[in-house]
Every structure is written in C-alpha cells, then in structure tokens.
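Participant: After the structure tokens below, expect a handful of questions from me.
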Amino acid sequence: MPKIEYLWQLTDPPAGIPGVHMTKRGTKKYQTLRYWDGARWFSVEISDKRGGIPTQWPVGATVPRMKWMCGRTFYARAIHAGQEKILWGIPQKVYEPKEVLKYLVHRGDMPANWKTAFQDEMRRDNW
C-alpha cells in the first residue's frame with residue numbers, strides 16, 4: 001500500500017484559496033495540519049478552549065477531512081510568530097518496491113518470471 005510523502009514548498013500557497021495543509025516549520029520533522037486563509041496561517045484546533053474562530057473544513061483542501069472531523073466545526077487559531085518559517089506540503093503517493101514490480105509486470109515492461117529471468121545474465125556479469 002502506498003504511503004503519502006510531501007513535497008515541501010518554500011512559498012505560500014496560492015493567495016485567495018483557503019485550505020488545510022500538512023505543514024512543518026523549517027527543517028523540523030514535526031508535521032501538523034494548519035489552515036491557510038489566503039494570507040496567513042492558523043493552527044487547527046478541535047475545541048475553542050484556547051480561543052479561535054469557528055470554521056468549516058474548506059472544499060478542495062489538499063488534506064481531506066478525517067472521518068472524526070465529519071460534521072464537526074474546527075477552530076482556527078491565529079499564529080502570530082514564525083509565519084515565514086512554515087512550509088506546506090503537496091501530498092504524493094510513494095509506492096513500495098513490490099508494488100512497482102507488480103505495475104511493471106502489468107504494463108509488460110517486466111517479464112512475469114522476473115525473479116528468475118535475469119539470473120544467468122547476472123551470473124555472467126559477476127553481479
């Protein structure tokens with residue numbers, strides 16, 4: 001099963017298009033969801049205990065709404081410091097080697113007997 005990795009963007013998301021994105025600060029490994037309103041970043045909160053603006057999950061967000069969020073309001077809390085350090089990620093699927101091999105066999109670029117087909121050639125080349 002493919003996993004999701006992100007291509008981290010140094011620029012802001014497109015202006016005027018609000019959305020929820022997977023983000024991180026600079027070179028840090030910690031990733032979290034943040035809301036982009038078209039001009040600045042907000043943290044995504046599930047309660048209003050720390051303040052925030054009640055918001056609905058935007059249509060067309062790069063991160064789909066989780067099942068536990070369906071029908072719930074989330075709260076967007078303004079981030080005041082470090083806006084310039086926030087990187088947002090474009091999600092992409094990364095496939096495991098077994099899936100790539102299965103795909104190549106399906107396309108016809110790889111023989112179905114790929115495990116044995118190249119044994120003699122590899123022995124000749126002293127691989």
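Residues are named by chain letter and number: chains run A, B, ... in the order of the structure tokens, numbers start at 1 in each chain, and ligands are numbered from 1 in the order shown.
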So that I can check the surroundings of Lys49 (chain A), please list as an MDAnalysis selection string every protein, DNA and RNA residue that reaches within 12 Å of it, counting only C-alpha atoms and ignoring chain neighbours fewer than 3 positions away.
Facilitator: chainID A and resid 45:46 52:54 74:77
Participant: For Ile86 (chain A), list every protein, DNA or RNA residue within 12 Å, evaluated using only C-alpha atoms, and leave out those in the same chain fewer than 5 positions away; present the list as a short mmCIF file (atom, residue, chain, number, x, y, z; two decimals) with N, CA, C and O atoms, in the first residue's frame.
Facilitator:
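Resulting contents of out_7.cif:
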data_model
loop_
_atom_site.label_atom_id
_atom_site.label_comp_id
_atom_site.auth_asym_id
_atom_site.auth_seq_id
_atom_site.Cartn_x
_atom_site.Cartn_y
_atom_site.Cartn_z
N TRP A 8 7.83 19.64 0.07
CA TRP A 8 7.71 20.85 0.89
C TRP A 8 7.97 22.09 0.05
O TRP A 8 8.94 22.17 -0.69
N GLN A 9 7.07 23.05 0.17
CA GLN A 9 7.10 24.29 -0.61
C GLN A 9 7.57 25.45 0.26
O GLN A 9 7.07 25.63 1.37
N LEU A 10 8.50 26.22 -0.27
CA LEU A 10 9.02 27.38 0.46
C LEU A 10 8.11 28.60 0.32
O LEU A 10 8.11 29.49 1.15
N THR A 11 7.32 28.63 -0.75
CA THR A 11 6.43 29.76 -0.99
C THR A 11 5.09 29.53 -0.29
O THR A 11 4.76 28.41 0.09
N ASP A 12 4.31 30.59 -0.16
CA ASP A 12 2.97 30.47 0.41
C ASP A 12 2.06 29.76 -0.58
O ASP A 12 2.28 29.81 -1.79
N PRO A 13 1.01 29.10 -0.09
CA PRO A 13 0.01 28.53 -1.01
C PRO A 13 -0.61 29.65 -1.84
O PRO A 13 -0.49 30.82 -1.49
N HIS A 21 -3.65 22.40 5.07
CA HIS A 21 -2.46 21.78 4.50
C HIS A 21 -1.64 21.11 5.60
O HIS A 21 -1.67 21.54 6.76
N MET A 22 -0.89 20.08 5.21
CA MET A 22 0.10 19.50 6.12
C MET A 22 1.28 20.46 6.10
O MET A 22 1.72 20.88 5.03
N THR A 23 1.76 20.83 7.28
CA THR A 23 2.83 21.82 7.36
C THR A 23 3.90 21.38 8.34
O THR A 23 3.72 20.45 9.13
N LYS A 24 5.02 22.08 8.27
CA LYS A 24 6.08 21.94 9.26
C LYS A 24 6.83 23.26 9.30
O LYS A 24 6.69 24.10 8.41
N ARG A 25 7.60 23.47 10.34
CA ARG A 25 8.38 24.70 10.47
C ARG A 25 9.83 24.42 10.09
O ARG A 25 10.49 23.61 10.74
N GLY A 26 10.29 25.07 9.06
CA GLY A 26 11.67 24.96 8.63
C GLY A 26 12.11 23.52 8.41
O GLY A 26 11.46 22.76 7.71
N THR A 27 13.22 23.14 9.05
CA THR A 27 13.77 21.80 8.86
C THR A 27 13.28 20.82 9.92
O THR A 27 13.75 19.69 9.98
N LYS A 28 12.34 21.23 10.75
CA LYS A 28 11.81 20.35 11.80
C LYS A 28 11.10 19.15 11.19
O LYS A 28 10.58 19.21 10.09
N TYR A 30 8.52 17.52 12.86
CA TYR A 30 7.14 17.52 13.34
C TYR A 30 6.22 18.13 12.29
O TYR A 30 6.42 19.26 11.84
N GLN A 31 5.19 17.38 11.90
CA GLN A 31 4.22 17.83 10.89
C GLN A 31 2.86 17.98 11.55
O GLN A 31 2.47 17.17 12.38
N THR A 32 2.13 19.01 11.14
CA THR A 32 0.79 19.23 11.69
C THR A 32 -0.08 19.91 10.64
O THR A 32 0.42 20.54 9.70
N LEU A 33 -1.38 19.79 10.83
CA LEU A 33 -2.32 20.46 9.95
C LEU A 33 -2.44 21.92 10.34
O LEU A 33 -2.52 22.25 11.52
N ARG A 34 -2.44 22.78 9.33
CA ARG A 34 -2.66 24.20 9.56
C ARG A 34 -3.61 24.71 8.49
O ARG A 34 -3.65 24.18 7.38
N TYR A 35 -4.34 25.75 8.84
CA TYR A 35 -5.32 26.35 7.92
C TYR A 35 -4.72 27.61 7.30
O TYR A 35 -4.16 28.45 8.00
N TRP A 36 -4.81 27.71 5.99
CA TRP A 36 -4.33 28.88 5.24
C TRP A 36 -5.57 29.63 4.76
O TRP A 36 -6.41 29.08 4.05
N ARG A 40 -2.58 34.24 5.63
CA ARG A 40 -1.78 33.85 6.79
C ARG A 40 -2.19 32.47 7.29
O ARG A 40 -3.22 31.93 6.91
N TRP A 41 -1.35 31.91 8.19
CA TRP A 41 -1.56 30.58 8.75
C TRP A 41 -2.28 30.62 10.09
O TRP A 41 -2.08 31.53 10.88
N PHE A 42 -3.11 29.58 10.33
CA PHE A 42 -3.81 29.39 11.59
C PHE A 42 -3.61 27.94 12.03
O PHE A 42 -3.54 27.04 11.19
N SER A 43 -3.55 27.72 13.34
CA SER A 43 -3.50 26.34 13.83
C SER A 43 -4.91 25.77 13.78
O SER A 43 -5.89 26.50 13.89
N ILE A 79 -1.81 32.21 14.23
CA ILE A 79 -0.40 32.02 14.56
C ILE A 79 0.26 33.37 14.34
O ILE A 79 0.22 33.91 13.23
N HIS A 80 0.86 33.92 15.39
CA HIS A 80 1.43 35.26 15.28
C HIS A 80 2.92 35.27 14.98
O HIS A 80 3.40 36.15 14.28
N ALA A 81 3.64 34.30 15.49
CA ALA A 81 5.10 34.30 15.31
C ALA A 81 5.52 33.17 14.39
O ALA A 81 4.96 32.08 14.42
#
Participant: Residues of chain A in strand (DSSP E) according to DSSP, as a VMD selection string?
Facilitator: chain A and resid 3 to 9 19 to 25 32 to 36 41 to 45 53 to 55 74 to 78 86 to 94
Participant: Can you list every residue in region 53-126 of chain A that DSSP puts in alpha helix (DSSP H), as a ChimeraX atom specification?
Facilitator: /A:97-107,114-117,119-124
